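Colleague: This one is start06.tsv, TSV, C-alpha atoms and all ligand atoms.
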```
chain	number	residue	atom	x	y	z
H	1	MET	CA	0.00	0.00	0.00
H	2	THR	CA	1.38	3.42	-0.84
H	3	THR	CA	0.79	6.36	1.44
H	4	PRO	CA	-0.18	9.64	-0.20
H	5	ASP	CA	2.08	12.66	0.22
H	6	TYR	CA	-0.93	15.01	0.39
H	7	HIS	CA	-4.63	15.26	-0.23
H	8	LEU	CA	-5.78	17.46	-3.08
H	9	ALA	CA	-9.30	18.65	-3.89
H	10	PRO	CA	-9.03	20.75	-7.05
H	11	ARG	CA	-11.91	23.16	-7.66
H	12	ASP	CA	-12.69	25.99	-10.06
H	13	GLY	CA	-12.62	29.13	-7.88
H	14	PRO	CA	-9.73	31.61	-7.54
H	15	LEU	CA	-8.77	30.49	-4.02
H	16	ILE	CA	-6.47	27.73	-2.80
H	17	LEU	CA	-6.25	26.66	0.83
H	18	SER	CA	-2.91	25.12	1.76
H	19	ALA	CA	-2.36	23.24	5.03
H	20	PRO	CA	1.24	22.09	5.36
H	21	HIS	CA	1.23	21.02	9.03
H	22	PRO	CA	-1.80	18.93	10.08
H	23	GLY	CA	-0.14	15.65	9.00
H	24	ARG	CA	0.98	12.98	11.45
H	25	GLN	CA	2.29	10.38	9.02
H	26	LEU	CA	5.85	9.17	9.62
H	27	PRO	CA	7.81	6.70	7.49
H	28	PRO	CA	8.36	3.63	9.73
H	29	ASP	CA	12.16	3.84	9.52
H	30	MET	CA	12.04	7.47	10.62
H	31	ALA	CA	9.53	6.79	13.42
H	32	ALA	CA	11.86	4.08	14.76
H	33	ARG	CA	14.56	6.73	15.28
H	34	MET	CA	12.26	9.12	17.16
H	35	THR	CA	11.57	9.64	20.86
H	36	GLN	CA	8.15	9.13	22.42
H	37	ALA	CA	7.88	12.91	22.82
H	38	ALA	CA	8.11	13.26	19.04
H	39	LEU	CA	5.76	10.37	18.30
H	40	ASP	CA	3.12	12.23	20.35
H	41	GLN	CA	3.37	14.93	17.65
H	42	PRO	CA	2.82	17.93	19.92
H	43	ASP	CA	3.60	20.48	17.20
H	44	ALA	CA	1.17	19.45	14.45
H	45	ASP	CA	-1.46	21.98	13.39
H	46	HIS	CA	-4.00	19.58	14.88
H	47	GLN	CA	-7.21	19.20	12.87
H	48	ILE	CA	-6.73	22.55	11.18
H	49	ASP	CA	-8.02	21.20	7.87
H	50	ARG	CA	-11.35	20.32	9.51
H	51	LEU	CA	-12.02	23.96	10.40
H	52	TYR	CA	-12.16	24.86	6.72
H	53	ASP	CA	-14.74	22.29	5.69
H	54	PHE	CA	-16.71	25.08	3.96
H	55	ALA	CA	-14.02	25.25	1.26
H	56	GLY	CA	-16.14	23.31	-1.22
H	57	GLU	CA	-18.97	25.86	-0.96
H	58	LEU	CA	-16.46	28.55	-2.00
H	59	GLY	CA	-15.11	26.55	-4.94
H	60	ALA	CA	-11.73	26.59	-3.21
H	61	THR	CA	-9.00	24.13	-4.08
H	62	VAL	CA	-7.63	22.43	-0.96
H	63	LEU	CA	-4.13	20.99	-0.59
H	64	THR	CA	-3.40	19.25	2.73
H	65	ALA	CA	-0.08	17.66	3.63
H	66	ALA	CA	-0.16	14.12	4.97
H	67	TRP	CA	3.36	13.77	6.39
H	68	SER	CA	4.36	15.10	9.80
H	69	ARG	CA	6.31	18.37	9.97
H	70	TYR	CA	9.04	16.33	11.71
H	71	VAL	CA	9.77	14.58	8.39
H	72	VAL	CA	10.43	17.90	6.70
H	73	ASP	CA	8.80	21.28	7.29
H	74	LEU	CA	6.96	22.35	4.14
H	75	ASN	CA	6.75	25.94	5.38
H	76	ARG	CA	10.52	26.40	5.55
H	77	PRO	CA	12.81	27.26	2.64
H	78	PRO	CA	14.56	24.22	1.13
H	79	ASP	CA	17.97	25.72	1.97
H	80	ASN	CA	16.88	25.98	5.64
H	81	SER	CA	17.64	29.71	5.93
H	82	PRO	CA	15.90	31.16	9.02
H	83	LEU	CA	12.43	32.72	8.61
H	84	TYR	CA	12.95	35.15	11.47
H	85	PRO	CA	16.68	35.89	11.76
H	86	GLY	CA	17.81	36.42	15.34
H	87	GLN	CA	14.84	34.57	16.83
H	88	PHE	CA	14.58	30.93	17.84
H	89	GLY	CA	12.78	28.96	15.15
H	90	SER	CA	12.26	25.36	14.16
H	91	GLY	CA	14.10	24.41	11.00
H	92	LEU	CA	13.55	22.31	7.92
H	93	ALA	CA	14.07	19.02	9.80
H	94	PRO	CA	13.82	20.05	13.45
H	95	ALA	CA	15.87	18.30	16.12
H	96	GLU	CA	13.67	19.46	19.00
H	97	THR	CA	9.96	19.97	19.65
H	98	PHE	CA	8.69	23.50	20.35
H	99	ASP	CA	8.94	22.62	24.06
H	100	GLY	CA	12.58	21.59	23.68
H	101	ASP	CA	12.22	17.81	23.84
H	102	LEU	CA	14.55	15.87	21.56
H	103	ILE	CA	12.81	14.48	18.47
H	104	TYR	CA	15.43	11.77	17.82
H	105	LYS	CA	16.95	9.10	20.00
H	106	GLU	CA	20.60	9.67	20.81
H	107	GLY	CA	22.79	9.68	17.72
H	108	ARG	CA	19.83	9.20	15.35
H	109	ALA	CA	19.20	12.80	14.20
H	110	PRO	CA	19.42	13.30	10.43
H	111	GLY	CA	22.61	14.61	8.84
H	112	ALA	CA	22.78	17.04	5.93
H	113	GLU	CA	22.52	14.30	3.30
H	114	ASP	CA	19.48	12.80	4.97
H	115	VAL	CA	17.80	16.22	5.13
H	116	ALA	CA	18.54	16.82	1.44
H	117	ALA	CA	16.98	13.44	0.61
H	118	ARG	CA	13.88	14.40	2.61
H	119	VAL	CA	13.59	17.64	0.67
H	120	ALA	CA	13.67	15.70	-2.60
H	121	ARG	CA	11.27	12.99	-1.47
H	122	TYR	CA	8.77	14.89	0.73
H	123	TRP	CA	9.19	18.65	0.33
H	124	ARG	CA	9.34	18.90	-3.47
H	125	PRO	CA	6.11	17.00	-4.28
H	126	TYR	CA	3.96	19.29	-2.10
H	127	HIS	CA	5.48	22.40	-3.60
H	128	ALA	CA	5.28	21.05	-7.14
H	129	GLN	CA	1.57	20.48	-6.61
H	130	LEU	CA	1.01	23.85	-4.92
H	131	GLY	CA	2.87	25.64	-7.71
H	132	ALA	CA	0.91	23.74	-10.37
H	133	GLN	CA	-2.44	24.55	-8.75
H	134	ILE	CA	-1.55	28.25	-8.43
H	135	ALA	CA	-0.58	28.32	-12.11
H	136	ARG	CA	-3.80	26.55	-13.12
H	137	ILE	CA	-5.97	28.92	-11.08
H	138	ARG	CA	-4.14	32.01	-12.33
H	139	ALA	CA	-4.51	30.88	-15.93
H	140	ARG	CA	-8.24	30.49	-15.39
H	141	HIS	CA	-9.01	33.64	-13.40
H	142	GLY	CA	-6.09	35.93	-14.16
H	143	TYR	CA	-5.15	35.90	-10.48
H	144	CYS	CA	-4.86	33.44	-7.60
H	145	LEU	CA	-5.47	33.77	-3.87
H	146	VAL	CA	-3.51	31.56	-1.44
H	147	TRP	CA	-4.62	31.09	2.16
H	148	ASP	CA	-2.08	29.14	4.23
H	149	CYS	CA	-3.83	27.46	7.18
H	150	HIS	CA	-1.92	27.07	10.47
H	151	SER	CA	-2.46	26.74	14.18
H	152	ILE	CA	-0.24	26.70	17.23
H	153	ALA	CA	-0.45	26.44	21.01
H	154	PRO	CA	-1.07	29.98	22.35
H	155	ILE	CA	1.74	29.63	24.88
H	156	ALA	CA	5.13	28.47	23.55
H	157	PRO	CA	7.85	30.22	25.58
H	158	ARG	CA	10.69	29.25	23.25
H	159	LEU	CA	8.88	30.78	20.27
H	160	PHE	CA	7.29	33.92	21.70
H	161	ASP	CA	6.70	35.80	24.95
H	162	GLY	CA	3.40	35.65	26.76
H	163	ARG	CA	0.19	34.57	25.12
H	164	LEU	CA	-0.30	34.71	21.36
H	165	PRO	CA	-3.37	36.56	20.01
H	166	ASP	CA	-6.12	34.19	18.82
H	167	ILE	CA	-5.94	35.32	15.20
H	168	ASN	CA	-2.54	36.08	13.66
H	169	LEU	CA	-2.82	37.15	10.05
H	170	GLY	CA	0.40	37.38	8.06
H	171	SER	CA	0.91	39.17	4.75
H	172	PHE	CA	4.70	39.35	5.08
H	173	SER	CA	4.12	43.02	5.91
H	174	GLY	CA	2.35	43.64	2.62
H	175	ALA	CA	4.89	41.91	0.38
H	176	ALA	CA	2.72	38.81	-0.09
H	177	CYS	CA	-0.67	40.55	-0.23
H	178	PRO	CA	-1.59	44.25	-0.48
H	179	THR	CA	-2.01	45.74	2.98
H	180	ALA	CA	-5.47	47.10	2.09
H	181	VAL	CA	-6.67	43.56	1.37
H	182	ALA	CA	-5.08	42.10	4.50
H	183	GLU	CA	-6.59	44.90	6.61
H	184	ALA	CA	-10.05	44.30	5.12
H	185	VAL	CA	-9.72	40.59	5.91
H	186	LEU	CA	-8.87	41.41	9.53
H	187	GLU	CA	-11.73	43.92	9.70
H	188	ALA	CA	-14.11	41.14	8.64
H	189	ILE	CA	-13.82	39.70	12.15
H	190	PRO	CA	-16.91	41.01	13.95
H	191	ARG	CA	-15.92	43.73	16.41
H	192	ASP	CA	-17.76	41.99	19.22
H	193	ALA	CA	-16.17	38.60	18.50
H	194	ALA	CA	-14.17	37.47	21.50
H	195	TYR	CA	-10.98	36.89	19.53
H	196	SER	CA	-7.83	38.93	19.91
H	197	ARG	CA	-6.24	39.67	16.56
H	198	VAL	CA	-3.13	41.05	14.94
H	199	ARG	CA	-1.73	41.55	11.44
H	200	ASP	CA	1.96	40.84	10.80
H	201	GLY	CA	2.76	40.39	14.47
H	202	ARG	CA	4.98	37.52	15.62
H	203	PHE	CA	3.85	35.47	12.60
H	204	LYS	CA	4.18	37.39	9.36
H	205	GLY	CA	3.88	34.38	7.07
H	206	GLY	CA	6.26	31.51	6.52
H	207	TYR	CA	7.92	30.24	3.38
H	208	ILE	CA	4.68	29.46	1.54
H	209	THR	CA	3.27	32.95	2.06
H	210	ARG	CA	6.54	34.64	1.16
H	211	HIS	CA	7.47	32.44	-1.78
H	212	TYR	CA	4.13	32.28	-3.56
H	213	GLY	CA	2.73	35.67	-2.57
H	214	ASP	CA	3.63	37.91	-5.49
H	215	PRO	CA	1.11	40.75	-5.87
H	216	ALA	CA	2.85	42.15	-8.98
H	217	ASN	CA	2.13	38.84	-10.68
H	218	ARG	CA	-1.40	38.66	-9.31
H	219	VAL	CA	-0.84	36.00	-6.66
H	220	PHE	CA	-1.94	37.20	-3.21
H	221	ALA	CA	-0.99	35.07	-0.20
H	222	LEU	CA	-2.06	35.29	3.43
H	223	GLN	CA	-1.20	33.06	6.37
H	224	LEU	CA	-3.56	32.56	9.26
H	225	GLU	CA	-1.89	31.27	12.41
H	226	LEU	CA	-4.77	30.45	14.71
H	227	ALA	CA	-4.31	29.87	18.45
H	228	GLN	CA	-5.28	26.26	19.11
H	229	SER	CA	-7.19	27.37	22.21
H	230	ALA	CA	-9.71	28.89	19.77
H	231	TYR	CA	-10.91	25.47	18.58
H	232	LEU	CA	-9.33	22.57	20.49
H	233	GLY	CA	-10.54	21.02	23.73
H	234	PRO	CA	-8.49	20.64	26.91
H	235	ASP	CA	-6.54	17.64	25.54
H	236	GLN	CA	-5.18	20.03	22.86
H	237	ARG	CA	-5.85	17.39	20.20
H	238	ARG	CA	-9.57	17.08	19.64
H	239	ILE	CA	-11.90	19.72	18.32
H	240	ASP	CA	-14.26	21.35	20.82
H	241	ALA	CA	-17.62	21.45	19.03
H	242	ASP	CA	-18.78	24.72	20.64
H	243	LYS	CA	-15.51	26.49	19.86
H	244	GLN	CA	-15.61	25.18	16.31
H	245	ALA	CA	-19.14	26.47	15.84
H	246	ALA	CA	-18.01	29.90	17.04
H	247	ILE	CA	-14.80	30.23	15.01
H	248	ARG	CA	-15.99	28.77	11.72
H	249	PRO	CA	-18.21	31.73	10.71
H	250	VAL	CA	-15.35	34.09	11.56
H	251	LEU	CA	-12.98	32.19	9.27
H	252	ARG	CA	-15.68	32.13	6.62
H	253	ALA	CA	-16.20	35.92	6.89
H	254	MET	CA	-12.45	36.53	6.59
H	255	ILE	CA	-12.14	34.35	3.51
H	256	ASP	CA	-15.31	35.79	1.92
H	257	THR	CA	-13.69	39.20	2.32
H	258	PHE	CA	-10.42	37.97	0.80
H	259	LEU	CA	-12.43	36.76	-2.21
H	260	SER	CA	-14.37	40.01	-2.58
H	261	GLU	CA	-11.58	42.53	-1.87
H	262	ALA	CA	-8.63	40.99	-3.70
H	263	PRO	CA	-10.02	41.44	-7.24
H	264	LYS	CA	-10.17	45.21	-6.62
H	265	HIS	CA	-6.40	45.26	-6.25
H	266	VAL	CA	-5.15	42.93	-8.99
H	301	ZN	ZN	1.65	25.47	10.89
```
Translate this file's structure into structure tokens.
Modeller:
Amino acid sequence: MTTPDYHLAPRDGPLILSAPHPGRQLPPDMAARMTQAALDQPDADHQIDRLYDFAGELGATVLTAAWSRYVVDLNRPPDNSPLYPGQFGSGLAPAETFDGDLIYKEGRAPGAEDVAARVARYWRPYHAQLGAQIARIRARHGYCLVWDCHSIAPIAPRLFDGRLPDINLGSFSGAACPTAVAEAVLEAIPRDAAYSRVRDGRFKGGYITRHYGDPANRVFALQLELAQSAYLGPDQRRIDADKQAAIRPVLRAMIDTFLSEAPKHV
């Protein structure tokens, strides 16, 4: 039986939702080298794809990674240059979890050759597909909108101070999507909604947002890093139905606004 690298639902609208981090799949030989802390997969964007189950109604193409971010991080550049120079960050093939636990048993961490092989085997196929879908959509509509779906624990002391806002929208400070569009998307969150929010705060957009977002060539990209406390239950793994019911219309309003505002700026 072969395991898929990703799940793809191609559709005809101008929007593509990318989710590079919900996957938990590990190749058995890699899993055998990992610690129990890593096998628990604390750093996955747990269930994030399920929050966007309205994608079909919007005609949005959906690309969801199947492999764990511990195999290779699809939202890091293939040369492993840091996303946020000067700050702690997890790399292309991280050695430690966000909490600082070792991912590999002693002496079993991947070397440079192993990481390069992972890029070829696991990183390239996702990006080849994402690039192909963006090209297809742009050919059809004249532009393409990319929404990169992420989530993270709201408290991660090695990554940021204090508590993260609930909704962290990243446009790479306007380089991946015009600021007017990103601002309108943030404004689509109802004022009375109990979600704290920020644009281009700690998370400005990772590799996918920065690499594919190219407003001059009519590709607009936004990243949404959602605090997991906004939709997960106390076990930090399973969806809380009430929280899901509350956040879903907010996500829908933000994406509806992305779809309506972006064409005014292409
Ligand atoms: Zn993520």
Colleague: Mind listing the residues within 9 Å of ligand ZN 301 (chain H), only C-alpha atoms and all ligand atoms counted, as a list in words?
Modeller: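 Listed by chain and ascending number, the contacts are Ala19, Pro20, His21, Pro22, Asp43, Ala44, Asp45, Ile48, Arg69, Asn75, Asp148, Cys149, His150, Ser151, Ile152, Gly206, Leu224, Glu225 and Leu226 of chain H.
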Colleague: I want to know what sits within 12 Å of range 113-117 of chain H, based on only C-alpha atoms, with residues of the same chain fewer than 5 positions away left out; could you give that as a ChimeraX atom specification?
Modeller: /H:30,70-73,77-80,91-95,108,122-124
Colleague: With only C-alpha atoms counted and 12 Å as the cut-off, give the residues of range 151-199 of chain H in contact with range 244-248 of chain H, each with its shortest interatomic distance in Å and the pair that gives it, as a Markdown table.
Modeller:
```
| residue | atom | partner | partner_atom | distance |
| --- | --- | --- | --- | --- |
| H:Asp166 | CA | H:Ile247 | CA | 10.3 |
| H:Ile167 | CA | H:Ile247 | CA | 10.2 |
| H:Ile189 | CA | H:Ile247 | CA | 9.9 |
| H:Pro190 | CA | H:Ile247 | CA | 11.0 |
| H:Ala193 | CA | H:Ala246 | CA | 9.0 |
| H:Ala194 | CA | H:Ala246 | CA | 9.6 |
| H:Tyr195 | CA | H:Ile247 | CA | 8.9 |
```
Colleague: My list of candidates is H:Arg202, H:His211, H:Arg252, H:Arg197. Which is closest to Ala230 in chain H when distances are computed with all atoms listed in the file?
Modeller: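 The shortest atom-to-atom distance to Ala230 in chain H comes from H:Arg197.
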Colleague: Can you work out the spacing between CA of Ile103 in chain H and CA of Gln36 in chain H in Å, to one decimal?
Modeller: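 Result for CA of Ile103 in chain H versus CA of Gln36 in chain H: 8.1 Å, one decimal.
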